[in-house]
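Okay, work01.json now, which holds JSON, C-alpha atoms and all ligand atoms:
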[["chain", "number", "residue", "atom", "x", "y", "z"],
["C", 779, "MET", "CA", -23.03, 151.95, 159.19],
["C", 780, "THR", "CA", -26.41, 151.44, 160.78],
["C", 781, "ALA", "CA", -27.10, 148.10, 162.43],
["C", 782, "ARG", "CA", -29.33, 146.06, 160.18],
["C", 783, "ARG", "CA", -31.41, 143.43, 161.91],
["C", 784, "PRO", "CA", -30.92, 140.05, 160.19],
["C", 785, "LEU", "CA", -33.95, 138.49, 158.51],
["C", 786, "ILE", "CA", -34.12, 134.71, 158.43],
["C", 787, "ALA", "CA", -36.68, 133.87, 155.76],
["C", 788, "GLY", "CA", -37.83, 130.42, 154.68],
["C", 789, "ASN", "CA", -39.12, 129.89, 151.16],
["C", 790, "TRP", "CA", -40.98, 126.59, 151.24],
["C", 791, "LYS", "CA", -41.56, 126.71, 147.45],
["C", 792, "MET", "CA", -44.08, 124.10, 146.23],
["C", 793, "ASN", "CA", -43.75, 121.84, 149.24],
["C", 794, "GLY", "CA", -46.07, 120.72, 151.97],
["C", 795, "LEU", "CA", -49.52, 119.28, 152.48],
["C", 796, "LEU", "CA", -51.63, 120.57, 155.32],
["C", 797, "ALA", "CA", -50.37, 118.23, 158.03],
["C", 798, "ASP", "CA", -46.68, 118.79, 157.11],
["C", 799, "GLY", "CA", -47.11, 122.54, 156.86],
["C", 800, "ARG", "CA", -48.83, 122.77, 160.22],
["C", 801, "ALA", "CA", -46.20, 120.63, 161.91],
["C", 802, "LEU", "CA", -43.30, 122.56, 160.35],
["C", 803, "ALA", "CA", -44.80, 125.93, 161.24],
["C", 804, "ALA", "CA", -45.63, 124.83, 164.78],
["C", 805, "GLY", "CA", -42.08, 123.49, 165.22],
["C", 806, "VAL", "CA", -40.52, 126.72, 163.98],
["C", 807, "ALA", "CA", -42.88, 128.80, 166.14],
["C", 808, "GLU", "CA", -42.04, 126.84, 169.28],
["C", 809, "LYS", "CA", -38.28, 127.24, 168.76],
["C", 810, "ARG", "CA", -38.65, 130.90, 167.87],
["C", 811, "LYS", "CA", -40.54, 131.49, 171.12],
["C", 812, "ALA", "CA", -37.65, 130.00, 173.04],
["C", 813, "PHE", "CA", -35.42, 132.86, 171.79],
["C", 814, "GLY", "CA", -37.77, 135.26, 173.57],
["C", 815, "GLU", "CA", -38.32, 138.95, 172.93],
["C", 816, "SER", "CA", -34.64, 139.67, 172.60],
["C", 817, "ALA", "CA", -34.01, 137.41, 169.56],
["C", 818, "PRO", "CA", -31.37, 139.17, 167.45],
["C", 819, "PHE", "CA", -33.18, 138.47, 164.16],
["C", 820, "ASP", "CA", -36.56, 138.64, 162.42],
["C", 821, "MET", "CA", -38.04, 135.38, 161.21],
["C", 822, "LEU", "CA", -40.36, 134.73, 158.28],
["C", 823, "VAL", "CA", -41.81, 131.66, 156.59],
["C", 824, "CYS", "CA", -43.28, 131.71, 153.08],
["C", 825, "PRO", "CA", -45.48, 128.65, 152.53],
["C", 826, "PRO", "CA", -47.41, 127.85, 149.35],
["C", 827, "PHE", "CA", -50.73, 129.70, 149.07],
["C", 828, "THR", "CA", -52.74, 126.63, 150.15],
["C", 829, "LEU", "CA", -51.02, 126.63, 153.54],
["C", 830, "VAL", "CA", -50.95, 130.35, 154.32],
["C", 831, "THR", "CA", -54.01, 130.38, 156.58],
["C", 832, "ALA", "CA", -52.97, 127.28, 158.51],
["C", 833, "VAL", "CA", -49.42, 128.60, 158.93],
["C", 834, "VAL", "CA", -50.65, 132.02, 160.08],
["C", 835, "ASP", "CA", -52.68, 130.22, 162.78],
["C", 836, "ALA", "CA", -49.78, 127.94, 163.73],
["C", 837, "VAL", "CA", -47.27, 130.77, 164.26],
["C", 838, "ALA", "CA", -49.64, 133.24, 165.94],
["C", 839, "GLY", "CA", -48.00, 134.97, 168.90],
["C", 840, "SER", "CA", -44.57, 133.42, 168.25],
["C", 841, "GLY", "CA", -42.87, 136.33, 166.52],
["C", 842, "VAL", "CA", -42.65, 134.40, 163.24],
["C", 843, "GLU", "CA", -44.13, 136.32, 160.30],
["C", 844, "VAL", "CA", -45.70, 134.80, 157.20],
["C", 845, "GLY", "CA", -45.24, 135.72, 153.55],
["C", 846, "GLY", "CA", -46.51, 134.69, 150.12],
["C", 847, "GLN", "CA", -44.18, 133.47, 147.35],
["C", 848, "ASP", "CA", -45.64, 135.60, 144.56],
["C", 849, "CYS", "CA", -48.56, 137.90, 143.81],
["C", 850, "HIS", "CA", -50.35, 139.38, 140.84],
["C", 851, "THR", "CA", -50.02, 143.02, 139.81],
["C", 852, "ALA", "CA", -53.78, 143.62, 139.86],
["C", 853, "GLU", "CA", -55.86, 144.20, 142.93],
["C", 854, "LYS", "CA", -58.51, 141.70, 141.79],
["C", 855, "GLY", "CA", -60.28, 140.50, 138.69],
["C", 856, "ALA", "CA", -60.26, 137.95, 135.90],
["C", 857, "HIS", "CA", -56.86, 136.30, 136.47],
["C", 858, "THR", "CA", -57.55, 132.61, 136.89],
["C", 859, "GLY", "CA", -55.10, 130.90, 139.19],
["C", 860, "ASP", "CA", -53.48, 134.08, 140.47],
["C", 861, "VAL", "CA", -53.50, 135.64, 143.92],
["C", 862, "GLY", "CA", -53.62, 139.39, 144.56],
["C", 863, "PRO", "CA", -51.55, 141.15, 147.20],
["C", 864, "ALA", "CA", -54.60, 142.28, 149.18],
["C", 865, "MET", "CA", -55.63, 138.62, 149.46],
["C", 866, "LEU", "CA", -52.28, 137.76, 150.99],
["C", 867, "LYS", "CA", -52.52, 140.67, 153.38],
["C", 868, "ASP", "CA", -56.07, 139.64, 154.31],
["C", 869, "ALA", "CA", -54.90, 136.07, 154.96],
["C", 870, "GLY", "CA", -52.35, 137.35, 157.48],
["C", 871, "CYS", "CA", -49.21, 137.74, 155.38],
["C", 872, "ALA", "CA", -46.76, 140.52, 156.21],
["C", 873, "TYR", "CA", -44.46, 139.92, 153.23],
["C", 874, "VAL", "CA", -44.41, 138.63, 149.68],
["C", 875, "ILE", "CA", -41.46, 137.36, 147.64],
["C", 876, "VAL", "CA", -41.34, 138.74, 144.09],
["C", 877, "GLY", "CA", -39.05, 137.95, 141.19],
["C", 878, "HIS", "CA", -37.68, 134.65, 142.43],
["C", 879, "SER", "CA", -35.53, 133.12, 139.68],
["C", 880, "GLU", "CA", -37.92, 130.16, 139.50],
["C", 881, "ARG", "CA", -40.75, 132.58, 138.64],
["C", 882, "ARG", "CA", -38.53, 134.42, 136.17],
["C", 883, "THR", "CA", -37.69, 131.09, 134.48],
["C", 884, "ASP", "CA", -40.95, 129.13, 134.82],
["C", 885, "HIS", "CA", -43.25, 132.07, 134.08],
["C", 886, "GLY", "CA", -41.09, 134.37, 131.99],
["C", 887, "GLU", "CA", -41.29, 137.20, 134.53],
["C", 888, "THR", "CA", -39.32, 140.23, 133.42],
["C", 889, "ASP", "CA", -37.86, 142.96, 135.62],
["C", 890, "ALA", "CA", -40.80, 145.18, 134.63],
["C", 891, "VAL", "CA", -43.30, 142.55, 135.79],
["C", 892, "VAL", "CA", -41.39, 142.04, 139.05],
["C", 893, "LYS", "CA", -41.36, 145.79, 139.69],
["C", 894, "ALA", "CA", -45.11, 146.04, 139.00],
["C", 895, "LYS", "CA", -45.79, 143.15, 141.38],
["C", 896, "ALA", "CA", -43.63, 144.74, 144.07],
["C", 897, "GLU", "CA", -45.41, 148.07, 143.68],
["C", 898, "ALA", "CA", -48.83, 146.38, 143.89],
["C", 899, "ALA", "CA", -47.69, 144.57, 147.03],
["C", 900, "LEU", "CA", -46.47, 147.78, 148.68],
["C", 901, "ALA", "CA", -49.75, 149.48, 147.79],
["C", 902, "ALA", "CA", -51.59, 146.64, 149.57],
["C", 903, "GLY", "CA", -49.48, 147.19, 152.69],
["C", 904, "LEU", "CA", -47.21, 144.18, 152.28],
["C", 905, "LYS", "CA", -43.43, 144.25, 152.58],
["C", 906, "VAL", "CA", -41.55, 142.84, 149.61],
["C", 907, "ILE", "CA", -38.52, 140.62, 149.12],
["C", 908, "VAL", "CA", -37.21, 141.39, 145.64],
["C", 909, "CYS", "CA", -35.03, 138.58, 144.27],
["C", 910, "ILE", "CA", -32.17, 139.03, 141.82],
["C", 911, "GLY", "CA", -29.23, 136.86, 140.79],
["C", 912, "GLU", "CA", -27.07, 135.70, 137.90],
["C", 913, "THR", "CA", -27.00, 132.34, 136.16],
["C", 914, "LEU", "CA", -23.86, 130.21, 135.94],
["C", 915, "GLU", "CA", -23.46, 131.19, 132.30],
["C", 916, "GLU", "CA", -23.59, 134.88, 133.20],
["C", 917, "ARG", "CA", -21.08, 134.41, 136.03],
["C", 918, "GLU", "CA", -18.68, 132.52, 133.78],
["C", 919, "ALA", "CA", -19.00, 135.28, 131.19],
["C", 920, "GLY", "CA", -17.91, 137.84, 133.81],
["C", 921, "GLN", "CA", -21.35, 139.52, 133.83],
["C", 922, "THR", "CA", -22.28, 138.92, 137.47],
["C", 923, "LEU", "CA", -22.23, 142.50, 138.71],
["C", 924, "ASP", "CA", -23.81, 143.91, 135.55],
["C", 925, "VAL", "CA", -26.67, 141.40, 135.63],
["C", 926, "ASN", "CA", -27.41, 142.06, 139.30],
["C", 927, "LYS", "CA", -27.30, 145.82, 138.83],
["C", 928, "ARG", "CA", -29.58, 145.60, 135.80],
["C", 929, "GLN", "CA", -32.10, 143.41, 137.63],
["C", 930, "LEU", "CA", -31.99, 145.69, 140.68],
["C", 931, "ASN", "CA", -32.59, 148.80, 138.60],
["C", 932, "GLY", "CA", -35.44, 147.14, 136.72],
["C", 933, "SER", "CA", -37.13, 145.40, 139.65],
["C", 934, "LEU", "CA", -36.87, 147.83, 142.58],
["C", 935, "PRO", "CA", -40.32, 149.26, 143.32],
["C", 936, "ALA", "CA", -40.95, 152.99, 143.56],
["C", 937, "GLY", "CA", -41.40, 153.90, 147.21],
["C", 938, "ALA", "CA", -38.94, 151.25, 148.43],
["C", 939, "SER", "CA", -37.72, 151.92, 151.96],
["C", 940, "ALA", "CA", -35.64, 150.04, 154.49],
["C", 941, "GLU", "CA", -38.86, 149.11, 156.29],
["C", 942, "ASN", "CA", -40.90, 147.84, 153.35],
["C", 943, "CYS", "CA", -38.31, 146.36, 151.02],
["C", 944, "VAL", "CA", -35.68, 143.64, 151.29],
["C", 945, "ILE", "CA", -33.39, 142.55, 148.46],
["C", 946, "ALA", "CA", -32.44, 138.88, 148.08],
["C", 947, "TYR", "CA", -29.31, 138.02, 146.12],
["C", 948, "GLU", "CA", -29.75, 134.47, 144.94],
["C", 949, "PRO", "CA", -27.16, 133.24, 142.44],
["C", 950, "VAL", "CA", -29.19, 130.84, 140.28],
["C", 951, "TRP", "CA", -26.32, 128.33, 140.18],
["C", 952, "ALA", "CA", -26.40, 128.03, 143.98],
["C", 953, "ILE", "CA", -30.14, 127.38, 144.33],
["C", 954, "GLY", "CA", -30.95, 123.81, 145.31],
["C", 955, "THR", "CA", -27.59, 122.63, 143.98],
["C", 956, "GLY", "CA", -25.58, 122.38, 147.19],
["C", 957, "LYS", "CA", -23.09, 124.79, 145.55],
["C", 958, "VAL", "CA", -23.03, 127.72, 147.92],
["C", 959, "ALA", "CA", -21.35, 130.99, 146.96],
["C", 960, "THR", "CA", -18.22, 131.52, 149.02],
["C", 961, "PRO", "CA", -18.57, 134.29, 151.60],
["C", 962, "GLU", "CA", -16.20, 136.40, 149.47],
["C", 963, "GLN", "CA", -18.19, 135.82, 146.27],
["C", 964, "ALA", "CA", -21.43, 136.68, 148.02],
["C", 965, "GLN", "CA", -19.99, 139.74, 149.80],
["C", 966, "GLU", "CA", -18.63, 141.11, 146.53],
["C", 967, "VAL", "CA", -22.09, 141.05, 144.97],
["C", 968, "HIS", "CA", -23.87, 142.29, 148.11],
["C", 969, "ALA", "CA", -21.50, 145.27, 148.31],
["C", 970, "ALA", "CA", -22.11, 146.05, 144.62],
["C", 971, "ILE", "CA", -25.87, 145.82, 145.17],
["C", 972, "ARG", "CA", -25.67, 148.20, 148.14],
["C", 973, "ALA", "CA", -23.57, 150.65, 146.14],
["C", 974, "GLU", "CA", -26.10, 150.53, 143.31],
["C", 975, "LEU", "CA", -28.95, 150.96, 145.83],
["C", 976, "LYS", "CA", -27.27, 154.14, 147.08],
["C", 977, "GLY", "CA", -27.69, 155.63, 143.63],
["C", 978, "LEU", "CA", -31.34, 154.59, 143.58],
["C", 979, "VAL", "CA", -32.57, 155.36, 147.10],
["C", 980, "GLY", "CA", -29.72, 157.34, 148.69],
["C", 981, "GLY", "CA", -28.94, 156.90, 152.37],
["C", 982, "ILE", "CA", -31.78, 154.39, 152.78],
["C", 983, "ALA", "CA", -29.43, 151.86, 151.17],
["C", 984, "GLU", "CA", -27.42, 151.64, 154.38],
["C", 985, "ASP", "CA", -30.48, 150.42, 156.27],
["C", 986, "MET", "CA", -31.98, 148.15, 153.62],
["C", 987, "ARG", "CA", -31.47, 144.46, 154.20],
["C", 988, "ILE", "CA", -29.82, 142.33, 151.52],
["C", 989, "LEU", "CA", -30.30, 138.59, 152.04],
["C", 990, "TYR", "CA", -28.22, 135.79, 150.57],
["C", 991, "GLY", "CA", -30.03, 132.77, 149.11],
["C", 992, "GLY", "CA", -28.68, 129.57, 147.59],
["C", 993, "SER", "CA", -27.88, 126.36, 149.49],
["C", 994, "MET", "CA", -27.65, 128.15, 152.84],
["C", 995, "LYS", "CA", -27.34, 125.62, 155.66],
["C", 996, "PRO", "CA", -26.52, 125.71, 159.39],
["C", 997, "GLY", "CA", -22.93, 124.80, 158.49],
["C", 998, "ASN", "CA", -22.28, 127.74, 156.14],
["C", 999, "ALA", "CA", -24.69, 130.38, 157.45],
["C", 1000, "ALA", "CA", -22.46, 131.96, 160.12],
["C", 1001, "GLU", "CA", -19.63, 132.64, 157.69],
["C", 1002, "LEU", "CA", -22.00, 134.11, 155.11],
["C", 1003, "MET", "CA", -23.88, 136.29, 157.58],
["C", 1004, "ALA", "CA", -20.62, 137.53, 159.11],
["C", 1005, "GLN", "CA", -19.99, 139.43, 155.86],
["C", 1006, "THR", "CA", -20.52, 143.18, 156.11],
["C", 1007, "ASP", "CA", -23.33, 143.40, 153.57],
["C", 1008, "ILE", "CA", -25.13, 140.09, 154.16],
["C", 1009, "ASP", "CA", -28.14, 140.72, 156.37],
["C", 1010, "GLY", "CA", -29.73, 137.29, 156.62],
["C", 1011, "GLY", "CA", -30.87, 134.49, 154.37],
["C", 1012, "LEU", "CA", -33.63, 133.41, 152.01],
["C", 1013, "ILE", "CA", -33.58, 129.70, 152.61],
["C", 1014, "GLY", "CA", -35.16, 126.99, 150.47],
["C", 1015, "GLY", "CA", -34.39, 123.35, 151.25],
["C", 1016, "ALA", "CA", -33.08, 123.94, 154.77],
["C", 1017, "SER", "CA", -36.26, 125.84, 155.72],
["C", 1018, "LEU", "CA", -38.23, 122.59, 155.40],
["C", 1019, "LYS", "CA", -36.54, 121.13, 158.48],
["C", 1020, "VAL", "CA", -37.13, 122.84, 161.83],
["C", 1021, "ASP", "CA", -33.65, 122.15, 163.18],
["C", 1022, "ASP", "CA", -31.86, 123.33, 160.04],
["C", 1023, "PHE", "CA", -33.90, 126.51, 159.80],
["C", 1024, "ILE", "CA", -33.41, 127.29, 163.48],
["C", 1025, "GLY", "CA", -29.72, 126.38, 163.18],
["C", 1026, "ILE", "CA", -29.39, 129.09, 160.53],
["C", 1027, "ALA", "CA", -31.17, 131.59, 162.79],
["C", 1028, "GLU", "CA", -28.75, 130.73, 165.59],
["C", 1029, "ALA", "CA", -25.90, 131.58, 163.24],
["C", 1030, "ALA", "CA", -27.30, 135.09, 162.89],
["C", 1031, "GLY", "CA", -26.91, 135.83, 166.61],
["R", 1, "LIG", "P1", -32.07, 126.51, 148.45],
["R", 1, "LIG", "O1", -31.80, 127.01, 149.85],
["R", 1, "LIG", "O2", -32.85, 125.22, 148.43],
["R", 1, "LIG", "O3", -30.84, 126.48, 147.62],
["R", 1, "LIG", "O4", -33.06, 127.59, 147.77],
["R", 1, "LIG", "C1", -32.74, 128.93, 147.84],
["R", 1, "LIG", "C2", -33.91, 129.70, 147.33],
["R", 1, "LIG", "O5", -34.21, 129.68, 146.16],
["R", 1, "LIG", "C3", -34.68, 130.48, 148.31],
["R", 1, "LIG", "O6", -35.57, 131.33, 147.68]]
Do you think you could lay out the structure here as structure tokens?
Ligand code: 13P
Amino acid sequence: MTARRPLIAGNWKMNGLLADGRALAAGVAEKRKAFGESAPFDMLVCPPFTLVTAVVDAVAGSGVEVGGQDCHTAEKGAHTGDVGPAMLKDAGCAYVIVGHSERRTDHGETDAVVKAKAEAALAAGLKVIVCIGETLEEREAGQTLDVNKRQLNGSLPAGASAENCVIAYEPVWAIGTGKVATPEQAQEVHAAIRAELKGLVGGIAEDMRILYGGSMKPGNAAELMAQTDIDGGLIGGASLKVDDFIGIAEAAG
């Protein structure tokens, strides 16, 4: 197996006014700098669109990258309220999250829409984090692996590589609930995702990062990231506190 460099990614969701966002980003940047050049992980924060520019400024030179939380499929045009991938890139983003379960639920995004967004993002030179994950109902019905495989097949962009694409497994029942998947539950799904990826992209699957997301905290992160196929975290609530987010990064080392 090739060594995959962990990615510690914060998804701030719809949180933060300018002063909070600046302070949080500056706090994360300062702590990230203290790890120096040899930090054993990559670090990313994904603020709401309104804070992207301020956060890009606040983390400049620290090694922390910035991402958007969603993008449109079109390059530009008459799409009131939406943001195109080239706009994110222009604002200083390196990544964009697509297909988060909150987008799938709140905005009815299908796998086909997620795939189109991911392909538009890659075309604009962004890297993508493609989110998949089962609901509690699906897990209880024994459909976990099928659902994740189906979402992966439907959402993975053409041209995905280990450099430009990250998968995030986020069981919906673990998001914001404090109910974290056990390391064994998460590993089982991560291994199935990697096996499915092998069929889709061949040997690249060994190098592609698969993040876990869902109530990840400093106290459970080490055990989760110690699993063979868990290559970092997509962190919601705990990414809003500098010490918690950095505590998770420390667990990756
Ligand atoms: P929480 O860490 O708040 O459970 O959120 C996870 C998530 O949805 C990250 O995208």
Requested in this report: Would you list the residues that come within 7 Å of ligand LIG 1 (chain R)? Count all atoms listed in the file and give the answer as JSON, numbers by chain.
Outcome: {"C": [789, 878, 948, 952, 953, 954, 955, 956, 991, 992, 993, 994, 1012, 1013, 1014, 1015, 1016]}
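Taking CA of Phe819 (chain C) as the reference point, CA of Ala902 (chain C) is found at 24.9 Å.
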Query raised in the report: Nearest to Met792 (chain C) among C:Gln847, C:Thr913, C:Asn942, C:Asn998, with distances taken over all atoms listed in the file: which residue is it?
Result: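 The shortest atom-to-atom distance to Met792 (chain C) comes from C:Gln847.
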**Report entry** Residues near Ala936 (chain C), cut-off 9 Å, all atoms listed in the file, skip fewer than 3 positions along chain, as a ChimeraX atom specification
**Finding:** /C:893,896-897
Per residue of region 905-983 of chain C within 8 Å of region 881-892 of chain C, which atom pair is closest and at what distance in Å (one decimal), using all atoms listed in the file, listed by chain and increasing number, as a Markdown table?
| residue | atom | partner | partner_atom | distance |
| --- | --- | --- | --- | --- |
| C:Val908 | CA | C:Val892 | CA | 7.8 |
| C:Gln929 | CA | C:Asp889 | CA | 6.1 |
| C:Gly932 | CA | C:Asp889 | CA | 5.0 |
| C:Ser933 | CA | C:Asp889 | CA | 4.8 |
Serialized selection, C-alpha atoms, as a compact mmCIF listing (two decimals), in the frame of the given file:
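The resulting selection07.txt:
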# COMPACT_ATOMS: atom_id res chain seq x y z
CA VAL C 908 -37.21 141.39 145.64
CA GLN C 929 -32.10 143.41 137.63
CA GLY C 932 -35.44 147.14 136.72
CA SER C 933 -37.13 145.40 139.65
Query raised in the report: Just how far from CA of Met865 (chain C) is CA of His850 (chain C), in Å to one decimal?
Result: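 Between these atoms lies a distance of 10.1 Å.
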Query - Long-range neighbours of Trp790 (chain C) as number ranges by chain, 6 Å cut-off, all atoms listed in the file, 3 positions minimum in chain - result: C: 793, 824-825, 1014
Report task. Give the answer as one residue: which of C:Ala787, C:Ala801, C:Gly997, C:Leu1002 has the shortest atom-to-atom distance to Gly1025 (chain C), using only C-alpha atoms? Result -> C:Gly997
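What separates CA of Leu829 (chain C) from CA of Ala797 (chain C) is a distance of 9.5 Å.
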Query - For Leu989 (chain C), the nearest of the candidates C:Ala901, C:Ala973, C:Ala1030, C:Cys849, counting only C-alpha atoms - result: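 Under the stated criterion, the closest residue is C:Ala1030.
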**Report entry** Non-local contacts of Ala894 (chain C) (8 Å; all atoms listed in the file; under 4 positions in same chain excluded) as an NGL selection string
**Finding:** :C and (851 or 890 or 898 or 935)
Query - Non-local contacts of Leu978 (chain C) (10 Å; all atoms listed in the file; under 3 positions in same chain excluded) as a PyMOL selection string - result: chain C and resi 930-931+934+936+938+972-975+981-983
So for region 871-889 of chain C, what box centre and size do we get, axis-aligned, 8 Å extra on each of the six sides, every listed atom, Å to one decimal, as lines of an AutoDock Vina configuration file?
center_x = -42.4
center_y = 136.0
center_z = 144.1
size_x = 29.7
size_y = 29.8
size_z = 40.2
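Using all atoms listed in the file, the contacts of Ile1024 (chain C) at a cut-off of 8 Å, with sequence neighbours closer than 5 positions omitted, comprise Val806, Lys809 and Arg810 of chain C.
With distances taken over all atoms listed in the file, C:Ile875 is the one residue among C:Ala1027, C:Val842, C:Val950, C:Ile875 lying closest to Lys791 (chain C).
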Query raised in the report: From the set C:Glu815, C:Thr828, C:Arg800, C:Ser879, which residue has the shortest atom-to-atom contact distance to Gly859 (chain C), counting all atoms listed in the file?
Result: C:Thr828
**Report entry** Nearest to Ile1026 (chain C), chosen from C:Ala946, C:Ala869, C:Met821, C:Leu802, with only C-alpha atoms counted in the distances
**Finding:** C:Met821
